[in-house]
$ cat input.tsv   # TSV, C-alpha atoms
chain	number	residue	atom	x	y	z
A	1	MET	CA	0.00	0.00	0.00
A	2	ASN	CA	1.29	3.46	-0.91
A	3	GLU	CA	2.06	5.84	1.93
A	4	ARG	CA	-1.05	7.83	2.85
A	5	ILE	CA	-1.20	11.42	1.55
A	6	TYR	CA	-3.65	13.43	3.65
A	7	LEU	CA	-5.93	16.30	2.73
A	8	ALA	CA	-4.62	18.25	5.75
A	9	SER	CA	-3.19	16.81	8.95
A	10	PRO	CA	-1.40	18.00	12.09
A	11	HIS	CA	2.13	19.27	11.46
A	12	MET	CA	4.23	19.83	14.55
A	13	SER	CA	7.16	22.23	14.29
A	14	GLU	CA	10.53	20.80	13.35
A	15	GLN	CA	12.01	22.90	16.17
A	16	GLY	CA	9.92	21.13	18.82
A	17	TYR	CA	8.32	24.31	20.19
A	18	GLU	CA	5.11	22.48	21.10
A	19	GLU	CA	6.92	19.76	23.02
A	20	GLN	CA	8.75	22.35	25.13
A	21	TYR	CA	5.51	24.01	26.26
A	22	VAL	CA	3.75	20.68	26.88
A	23	LYS	CA	6.75	19.38	28.83
A	24	GLU	CA	6.65	22.53	30.93
A	25	ALA	CA	2.96	21.89	31.67
A	26	PHE	CA	3.74	18.38	32.89
A	27	GLU	CA	6.81	19.39	34.87
A	28	THR	CA	4.84	22.08	36.71
A	29	ASN	CA	1.74	19.88	37.03
A	30	TRP	CA	-0.41	22.39	35.11
A	31	VAL	CA	-2.54	19.84	33.24
A	32	ALA	CA	-5.90	21.43	34.05
A	33	PRO	CA	-8.13	23.71	31.95
A	34	LEU	CA	-6.23	26.73	33.26
A	35	GLY	CA	-2.59	27.66	33.62
A	36	PRO	CA	0.25	29.68	32.06
A	37	ASN	CA	-0.08	28.17	28.59
A	38	VAL	CA	-3.79	29.02	28.41
A	39	THR	CA	-3.20	32.59	29.57
A	40	ASN	CA	-0.22	33.11	27.27
A	41	PHE	CA	-1.86	31.45	24.27
A	42	GLU	CA	-4.75	33.91	24.58
A	43	LYS	CA	-2.34	36.85	24.81
A	44	GLU	CA	-0.11	35.68	21.96
A	45	LEU	CA	-3.02	34.90	19.63
A	46	ALA	CA	-4.73	38.22	20.39
A	47	GLN	CA	-1.46	40.02	19.70
A	48	TYR	CA	-0.95	38.11	16.44
A	49	VAL	CA	-4.38	39.00	15.02
A	50	GLY	CA	-4.46	42.48	16.59
A	51	VAL	CA	-7.41	42.33	18.97
A	52	LYS	CA	-7.79	43.32	22.61
A	53	SER	CA	-8.85	39.98	24.06
A	54	ALA	CA	-9.28	36.25	23.50
A	55	SER	CA	-10.87	33.31	25.29
A	56	ALA	CA	-9.33	29.85	24.73
A	57	LEU	CA	-12.00	27.17	24.51
A	58	SER	CA	-12.41	23.45	23.87
A	59	SER	CA	-13.42	23.84	20.21
A	60	GLY	CA	-14.34	26.30	17.49
A	61	THR	CA	-17.94	25.13	17.87
A	62	ALA	CA	-17.88	26.07	21.56
A	63	ALA	CA	-16.51	29.48	20.53
A	64	ILE	CA	-19.43	30.00	18.12
A	65	HIS	CA	-21.91	28.86	20.77
A	66	LEU	CA	-20.60	31.28	23.40
A	67	GLY	CA	-20.08	34.01	20.81
A	68	LEU	CA	-23.73	33.89	19.77
A	69	LYS	CA	-24.79	33.75	23.41
A	70	ALA	CA	-22.64	36.83	24.12
A	71	LEU	CA	-24.41	38.63	21.27
A	72	GLY	CA	-27.72	37.93	23.00
A	73	VAL	CA	-29.06	35.12	20.79
A	74	MET	CA	-31.89	33.30	22.58
A	75	SER	CA	-34.72	30.89	21.89
A	76	GLY	CA	-37.06	32.24	19.23
A	77	ASP	CA	-34.45	34.52	17.63
A	78	VAL	CA	-33.27	34.35	14.03
A	79	VAL	CA	-29.61	34.10	12.96
A	80	PHE	CA	-28.39	34.52	9.37
A	81	CYS	CA	-25.57	32.16	8.38
A	82	SER	CA	-23.47	31.31	5.32
A	83	THR	CA	-24.82	28.14	3.71
A	84	LEU	CA	-21.55	26.92	2.16
A	85	THR	CA	-19.81	25.74	5.31
A	86	PHE	CA	-19.39	22.89	7.79
A	87	SER	CA	-22.35	22.21	10.10
A	88	ALA	CA	-20.37	23.47	13.14
A	89	SER	CA	-21.01	27.02	11.88
A	90	CYS	CA	-24.75	26.69	12.42
A	91	ASN	CA	-25.31	23.87	14.96
A	92	PRO	CA	-24.86	26.36	17.86
A	93	ILE	CA	-27.77	28.41	16.49
A	94	LEU	CA	-29.99	25.45	17.30
A	95	TYR	CA	-28.25	24.85	20.64
A	96	LEU	CA	-29.64	28.25	21.65
A	97	GLY	CA	-33.13	27.53	20.32
A	98	ALA	CA	-32.82	30.07	17.51
A	99	THR	CA	-33.72	29.65	13.83
A	100	PRO	CA	-31.00	29.64	11.16
A	101	VAL	CA	-31.58	31.42	7.85
A	102	PHE	CA	-29.06	30.45	5.17
A	103	ILE	CA	-27.42	32.86	2.75
A	104	ASP	CA	-25.98	31.80	-0.62
A	105	SER	CA	-22.39	32.36	-1.74
A	106	ASP	CA	-20.81	34.99	-3.93
A	107	ALA	CA	-19.19	33.42	-7.01
A	108	LYS	CA	-15.92	35.36	-6.64
A	109	THR	CA	-15.25	34.90	-2.92
A	110	TRP	CA	-17.16	31.60	-2.38
A	111	ASN	CA	-18.36	33.27	0.84
A	112	MET	CA	-21.54	35.05	1.90
A	113	CYS	CA	-23.13	36.96	-0.97
A	114	PRO	CA	-23.95	40.57	0.05
A	115	LYS	CA	-26.81	40.73	-2.47
A	116	ALA	CA	-28.43	37.59	-1.05
A	117	LEU	CA	-27.88	38.96	2.45
A	118	LYS	CA	-29.70	42.15	1.42
A	119	LEU	CA	-32.68	40.08	0.23
A	120	ALA	CA	-32.75	38.25	3.56
A	121	PHE	CA	-32.66	41.53	5.52
A	122	GLU	CA	-35.46	43.02	3.44
A	123	ASP	CA	-37.60	39.93	3.98
A	124	ALA	CA	-36.85	39.96	7.72
A	125	GLU	CA	-37.76	43.65	7.97
A	126	LYS	CA	-41.02	43.03	6.14
A	127	ASN	CA	-41.87	40.22	8.57
A	128	ASN	CA	-40.75	42.31	11.56
A	129	GLN	CA	-38.14	39.76	12.68
A	130	LEU	CA	-34.64	41.03	12.09
A	131	PRO	CA	-31.84	38.59	12.93
A	132	LYS	CA	-30.09	38.78	16.29
A	133	ALA	CA	-26.75	38.09	14.59
A	134	VAL	CA	-25.12	37.24	11.25
A	135	VAL	CA	-22.56	34.40	11.06
A	136	VAL	CA	-20.16	35.09	8.19
A	137	VAL	CA	-17.92	32.12	7.32
A	138	ASN	CA	-14.49	32.60	5.71
A	139	LEU	CA	-14.21	29.50	3.57
A	140	TYR	CA	-11.08	27.50	2.72
A	141	GLY	CA	-8.81	30.24	4.06
A	142	GLN	CA	-10.24	33.30	2.29
A	143	SER	CA	-12.16	36.19	3.83
A	144	ALA	CA	-15.63	37.13	2.71
A	145	ASP	CA	-15.99	40.56	1.09
A	146	MET	CA	-16.71	42.19	4.43
A	147	ASP	CA	-17.31	45.86	3.58
A	148	PRO	CA	-20.76	45.46	1.95
A	149	ILE	CA	-21.72	42.92	4.63
A	150	LEU	CA	-20.65	45.32	7.38
A	151	GLU	CA	-22.58	48.14	5.73
A	152	LEU	CA	-25.79	46.08	5.65
A	153	CYS	CA	-25.40	44.85	9.23
A	154	GLN	CA	-24.72	48.38	10.48
A	155	GLN	CA	-27.75	49.65	8.57
A	156	TYR	CA	-29.94	47.13	10.42
A	157	ASN	CA	-27.93	47.35	13.68
A	158	VAL	CA	-27.17	43.62	13.70
A	159	PRO	CA	-23.84	42.28	15.03
A	160	ILE	CA	-21.51	39.95	13.09
A	161	LEU	CA	-19.88	36.78	14.32
A	162	GLU	CA	-17.00	36.05	11.96
A	163	ASP	CA	-16.35	32.32	11.65
A	164	ALA	CA	-12.65	32.31	10.78
A	165	ALA	CA	-12.18	28.64	11.72
A	166	GLU	CA	-10.46	28.04	8.37
A	167	SER	CA	-8.83	31.42	7.82
A	168	LEU	CA	-6.39	32.21	10.66
A	169	GLY	CA	-3.63	34.39	9.20
A	170	ALA	CA	-5.64	35.54	6.18
A	171	THR	CA	-6.33	39.25	5.70
A	172	TYR	CA	-9.03	41.56	4.37
A	173	LYS	CA	-7.88	45.04	3.33
A	174	GLY	CA	-5.02	44.88	5.81
A	175	LYS	CA	-7.07	43.53	8.71
A	176	MET	CA	-6.75	39.99	10.03
A	177	SER	CA	-9.58	37.59	9.23
A	178	GLY	CA	-11.69	37.06	12.34
A	179	THR	CA	-11.16	40.59	13.68
A	180	ILE	CA	-13.59	42.49	11.45
A	181	GLY	CA	-16.87	41.40	13.00
A	182	ASP	CA	-18.01	42.06	16.56
A	183	ILE	CA	-16.73	38.61	17.54
A	184	GLY	CA	-14.38	36.27	15.71
A	185	ILE	CA	-13.66	32.59	16.22
A	186	TYR	CA	-10.80	30.28	15.22
A	187	SER	CA	-10.59	26.50	15.22
A	188	PHE	CA	-7.52	24.43	16.08
A	189	ASN	CA	-8.94	21.09	15.00
A	190	GLY	CA	-6.36	18.60	13.70
A	191	ASN	CA	-6.87	19.54	10.05
A	192	LYS	CA	-6.58	23.31	10.48
A	193	ILE	CA	-3.58	25.40	9.40
A	194	ILE	CA	-2.26	25.14	12.97
A	195	THR	CA	-3.68	22.80	15.59
A	196	THR	CA	-3.89	22.22	19.32
A	197	SER	CA	-5.21	18.68	18.56
A	198	GLY	CA	-8.63	20.15	19.28
A	199	GLY	CA	-9.71	23.53	20.57
A	200	GLY	CA	-10.81	26.97	19.55
A	201	VAL	CA	-10.54	30.62	20.49
A	202	MET	CA	-13.07	33.43	20.58
A	203	VAL	CA	-11.67	36.93	20.00
A	204	SER	CA	-13.09	40.43	20.24
A	205	ASN	CA	-12.14	44.06	20.76
A	206	ASN	CA	-15.02	44.13	23.26
A	207	GLU	CA	-13.44	42.54	26.33
A	208	GLU	CA	-16.85	42.05	27.94
A	209	TYR	CA	-17.62	39.39	25.33
A	210	THR	CA	-14.48	37.35	25.96
A	211	LYS	CA	-14.71	37.74	29.75
A	212	LYS	CA	-18.28	36.46	29.64
A	213	ALA	CA	-17.26	33.56	27.38
A	214	THR	CA	-14.52	32.53	29.82
A	215	PHE	CA	-17.00	32.76	32.70
A	216	TRP	CA	-19.58	30.57	30.93
A	217	ALA	CA	-16.87	28.16	29.79
A	218	THR	CA	-15.87	27.51	33.41
A	219	GLN	CA	-19.39	26.44	34.48
A	220	SER	CA	-20.45	30.02	35.29
A	221	ARG	CA	-18.86	29.77	38.71
A	222	GLU	CA	-19.23	32.96	40.74
A	223	THR	CA	-16.39	34.37	42.87
A	224	GLN	CA	-17.73	33.22	46.25
A	225	ARG	CA	-15.65	30.85	48.37
A	226	HIS	CA	-18.27	28.13	47.92
A	227	TYR	CA	-19.59	26.99	44.54
A	228	GLU	CA	-22.17	29.57	43.52
A	229	HIS	CA	-23.97	29.54	40.16
A	230	LYS	CA	-26.45	32.16	38.96
A	231	GLU	CA	-26.31	31.18	35.28
A	232	ILE	CA	-26.08	27.97	33.27
A	233	GLY	CA	-22.46	27.20	32.47
A	234	TYR	CA	-20.46	24.92	30.19
A	235	ASN	CA	-17.30	22.84	30.43
A	236	TYR	CA	-15.68	24.57	27.45
A	237	ARG	CA	-12.30	25.81	28.72
A	238	MET	CA	-9.11	24.86	26.87
A	239	SER	CA	-6.61	22.61	28.64
A	240	ASN	CA	-3.21	23.99	29.60
A	241	VAL	CA	-1.62	21.01	27.80
A	242	VAL	CA	-3.22	21.64	24.40
A	243	ALA	CA	-2.72	25.40	24.82
A	244	GLY	CA	0.99	24.60	24.97
A	245	ILE	CA	0.71	22.93	21.57
A	246	GLY	CA	-1.05	26.04	20.30
A	247	ARG	CA	1.70	28.35	21.55
A	248	GLY	CA	4.29	26.30	19.69
A	249	GLN	CA	2.17	26.17	16.55
A	250	LEU	CA	1.74	29.96	16.50
A	251	LYS	CA	5.51	30.27	16.08
A	252	VAL	CA	5.35	28.45	12.72
A	253	LEU	CA	2.06	29.85	11.40
A	254	SER	CA	3.77	32.08	8.83
A	255	GLU	CA	5.71	29.05	7.54
A	256	ARG	CA	2.51	27.04	7.22
A	257	ILE	CA	0.79	29.83	5.27
A	258	ALA	CA	3.77	30.09	2.91
A	259	LYS	CA	3.72	26.32	2.31
A	260	LYS	CA	-0.05	26.28	1.73
A	261	LYS	CA	0.34	29.08	-0.83
A	262	GLU	CA	3.13	27.19	-2.58
A	263	ILE	CA	0.89	24.09	-2.80
A	264	TYR	CA	-1.96	26.16	-4.29
A	265	GLU	CA	0.31	27.91	-6.82
A	266	THR	CA	1.82	24.55	-7.87
A	267	TYR	CA	-1.64	23.14	-8.61
A	268	LYS	CA	-2.68	26.32	-10.43
A	269	GLU	CA	0.40	26.29	-12.66
A	270	ALA	CA	0.11	22.55	-13.34
A	271	PHE	CA	-3.52	22.73	-14.44
A	272	LYS	CA	-3.45	26.07	-16.30
A	273	ASP	CA	-3.65	24.40	-19.74
A	274	ILE	CA	-6.59	22.12	-18.86
A	275	GLU	CA	-9.66	24.11	-19.87
A	276	ASP	CA	-12.02	22.10	-17.70
A	277	ILE	CA	-10.15	22.90	-14.47
A	278	GLU	CA	-10.33	26.16	-12.56
A	279	MET	CA	-8.74	26.74	-9.16
A	280	MET	CA	-10.69	28.63	-6.48
A	281	ASN	CA	-10.44	32.36	-7.13
A	282	ILE	CA	-8.20	34.31	-4.76
A	283	CYS	CA	-9.56	37.83	-4.34
A	284	ASP	CA	-7.28	40.87	-4.47
A	285	PHE	CA	-8.86	42.52	-1.39
A	286	GLY	CA	-6.56	40.52	0.88
A	287	GLU	CA	-4.34	37.51	1.34
A	288	SER	CA	-5.73	33.99	1.77
A	289	ASN	CA	-4.07	31.48	4.08
A	290	TYR	CA	-4.72	28.87	1.34
A	291	TRP	CA	-5.90	26.33	3.92
A	292	LEU	CA	-7.24	23.99	1.23
A	293	SER	CA	-6.53	24.13	-2.50
A	294	VAL	CA	-9.89	23.70	-4.20
A	295	MET	CA	-10.63	23.13	-7.89
A	296	THR	CA	-13.85	23.24	-9.86
A	297	LEU	CA	-14.59	21.43	-13.11
A	298	LYS	CA	-16.60	22.87	-15.96
A	299	GLU	CA	-20.17	21.60	-16.10
A	300	THR	CA	-19.45	20.16	-19.55
A	301	SER	CA	-16.32	18.29	-18.40
A	302	LYS	CA	-16.35	14.56	-19.13
A	303	VAL	CA	-14.23	14.10	-16.00
A	304	LYS	CA	-16.35	14.52	-12.88
A	305	PRO	CA	-15.31	15.33	-9.29
A	306	LEU	CA	-15.98	11.74	-8.23
A	307	ASP	CA	-13.65	10.46	-10.96
A	308	ILE	CA	-10.82	12.52	-9.47
A	309	MET	CA	-11.57	11.49	-5.90
A	310	LEU	CA	-11.74	7.78	-6.81
A	311	ALA	CA	-8.52	7.94	-8.86
A	312	LEU	CA	-6.71	9.48	-5.89
A	313	GLU	CA	-8.33	7.10	-3.41
A	314	LYS	CA	-6.95	4.10	-5.32
A	315	GLU	CA	-3.47	5.45	-4.59
A	316	ASN	CA	-4.25	6.04	-0.89
A	317	ILE	CA	-4.56	9.81	-1.42
A	318	GLU	CA	-7.23	11.74	0.47
A	319	SER	CA	-9.43	14.34	-1.24
A	320	ARG	CA	-12.96	15.54	-0.56
A	321	PRO	CA	-15.98	17.22	-2.11
A	322	VAL	CA	-16.64	20.89	-1.42
A	323	TRP	CA	-18.87	21.37	1.64
A	324	LYS	CA	-22.46	20.34	1.00
A	325	PRO	CA	-24.50	23.54	1.60
A	326	MET	CA	-26.42	23.65	4.83
A	327	HIS	CA	-29.76	24.37	3.15
A	328	LEU	CA	-29.44	20.96	1.43
A	329	GLN	CA	-28.66	19.07	4.63
A	330	PRO	CA	-31.55	16.91	5.90
A	331	VAL	CA	-31.29	18.38	9.41
A	332	PHE	CA	-31.53	21.98	8.13
A	333	LYS	CA	-33.61	21.73	4.95
A	334	GLN	CA	-36.76	23.16	6.60
A	335	TYR	CA	-35.10	26.51	7.25
A	336	PRO	CA	-35.21	29.56	4.91
A	337	PHE	CA	-32.55	30.10	2.25
A	338	PHE	CA	-31.81	33.21	0.20
A	339	THR	CA	-30.09	33.41	-3.16
A	340	VAL	CA	-30.03	35.95	-6.00
A	341	THR	CA	-29.62	33.39	-8.78
A	342	LYS	CA	-32.60	32.25	-10.80
A	343	GLU	CA	-30.87	29.02	-11.76
A	344	ILE	CA	-28.75	26.80	-9.52
A	345	PRO	CA	-27.51	28.64	-6.39
A	346	VAL	CA	-23.77	29.40	-6.33
A	347	SER	CA	-23.18	27.23	-3.25
A	348	GLU	CA	-24.88	24.21	-4.86
A	349	ASP	CA	-22.94	24.74	-8.07
A	350	TYR	CA	-19.59	24.68	-6.25
A	351	PHE	CA	-20.68	21.61	-4.28
A	352	ASN	CA	-21.55	19.83	-7.53
A	353	ARG	CA	-18.35	20.79	-9.38
A	354	GLY	CA	-15.72	21.13	-6.66
A	355	VAL	CA	-12.89	18.98	-5.31
A	356	CYS	CA	-10.70	19.75	-2.28
A	357	LEU	CA	-7.21	18.63	-3.23
A	358	PRO	CA	-4.52	17.33	-0.85
A	359	SER	CA	-3.07	20.41	0.87
A	360	ASP	CA	-1.02	18.86	3.65
A	361	THR	CA	1.98	20.98	4.61
A	362	LYS	CA	4.04	17.80	5.15
A	363	MET	CA	3.39	16.74	1.55
A	364	THR	CA	6.60	16.52	-0.50
A	365	LYS	CA	7.05	17.97	-3.99
A	366	GLU	CA	7.25	14.43	-5.34
A	367	GLN	CA	3.93	13.54	-3.72
A	368	GLN	CA	2.24	16.62	-5.16
A	369	GLU	CA	3.69	15.83	-8.59
A	370	LYS	CA	2.18	12.34	-8.30
A	371	ILE	CA	-1.24	13.82	-7.48
A	372	ILE	CA	-1.01	16.20	-10.43
A	373	ALA	CA	0.03	13.39	-12.80
A	374	LEU	CA	-2.88	11.19	-11.68
A	375	ILE	CA	-5.37	14.00	-12.31
A	376	LYS	CA	-3.83	14.92	-15.68
A	377	GLN	CA	-4.13	11.30	-16.82
A	378	LEU	CA	-7.91	11.56	-16.48
A	379	PHE	CA	-7.98	14.41	-19.00
A	380	ASN	CA	-5.77	12.73	-21.64
$ encode --input "input.tsv" --output "structure tokens"
Amino acid sequence: MNERIYLASPHMSEQGYEEQYVKEAFETNWVAPLGPNVTNFEKELAQYVGVKSASALSSGTAAIHLGLKALGVMSGDVVFCSTLTFSASCNPILYLGATPVFIDSDAKTWNMCPKALKLAFEDAEKNNQLPKAVVVVNLYGQSADMDPILELCQQYNVPILEDAAESLGATYKGKMSGTIGDIGIYSFNGNKIITTSGGGVMVSNNEEYTKKATFWATQSRETQRHYEHKEIGYNYRMSNVVAGIGRGQLKVLSERIAKKKEIYETYKEAFKDIEDIEMMNICDFGESNYWLSVMTLKETSKVKPLDIMLALEKENIESRPVWKPMHLQPVFKQYPFFTVTKEIPVSEDYFNRGVCLPSDTKMTKEQQEKIIALIKQLFN
């Protein structure tokens, strides 16, 4: 069997930064969901992205849950959310008893379409039920076009939670992805550009949001000597051990972004003469972190996404379809969806025609050349 080539997998630093911090946690017996690594990871991440505060949590999903709660989302409320995403972006809406409304993608950015968002706002205003929040997802490492989205949300006085789970290190007009909305979240799941093995962080320039998130994440324990609880809490705090991994990973984030970009550019150059292949557009309003290199095939292509995935699978190479839009998912299909297209929605089109290619930062040039050759064979 050929050696497995992953879509994206954990990549510890060659310098062993992570091991040093984890070793320190063990040597000092700080293996609880608090400690120096947690505190310093929050500070170092906040400093990296340029925000005032951060709360280190057990997952990106937990960060979205507490972020929406901090924005006042409650049972009976409505929350607008990008449809082209992973279910973790919208599951917390239901945790809180609110109703998700899904917004189609923009063809250039692949992210939330401002025109579709405008339609959703107009419909909500007409029905006298404006959303309590808007969840904007930055897909595959690239920011949404935030200015028109911000303008709409400010017009209706609705806060934004920016789901930057996939886009840590990306920028939008000079600002870091995840710092443009009222609250931002990052994920450190094993497949992300840097990982803590699992975990997430909520960030904001409003320190009240992150303080409240940390309070809720530690079971809403009050400051009394005895255990006092006035609110429902959650066991969502990040461990000092995994925070140590995160601190080490932050030191190599710029290297990971550079490698991801190199992988994307290599695919783009290799496939430039195949008319049926187009790589995901990278917008000039900022820099992507190139988390996953994604291709689409022309509708008329004789080679289909499944053909590519099966050809790679035979050689023990991992690839995946583009996210199946949330409005098509059985668990969410009863909820409203807004698009500006009269034909197939943009998000559905990309799902039908897209393939996420291996983008592992440990992948060698020879391995990527093998992937490219296998795909090219299908078009000969």
$ residues_near_point --input "input.tsv" --point "(4.5, 30.4, 13.9)" --cutoff "12 Å" --atoms "all atoms listed in the file" --output "PyMOL selection string"
chain A and resi 11-18+44-45+48+168-169+193-195+245-258
$ atom_distance --input "input.tsv" --atom1 "atom CA of A:Glu162" --atom2 "atom CA of A:Val136"
5.0 Å
$ atom_distance --input "input.tsv" --atom1 "atom CA of A:Glu366" --atom2 "atom CA of A:Pro321"
23.6 Å
$ closest_residue --input "input.tsv" --among "A:Gln367, A:Thr339, A:Asn235, A:Ser89" --to "A:Lys115" --atoms "all atoms listed in the file"
A:Thr339
$ atom_distance --input "input.tsv" --atom1 "atom CA of A:Glu231" --atom2 "atom CA of A:Val31"
26.4 Å
$ residues_around --input "input.tsv" --residues "A:Val79" --least-positions-apart "4" --cutoff "6 Å" --atoms "all atoms listed in the file" --output "count of residues only"
5
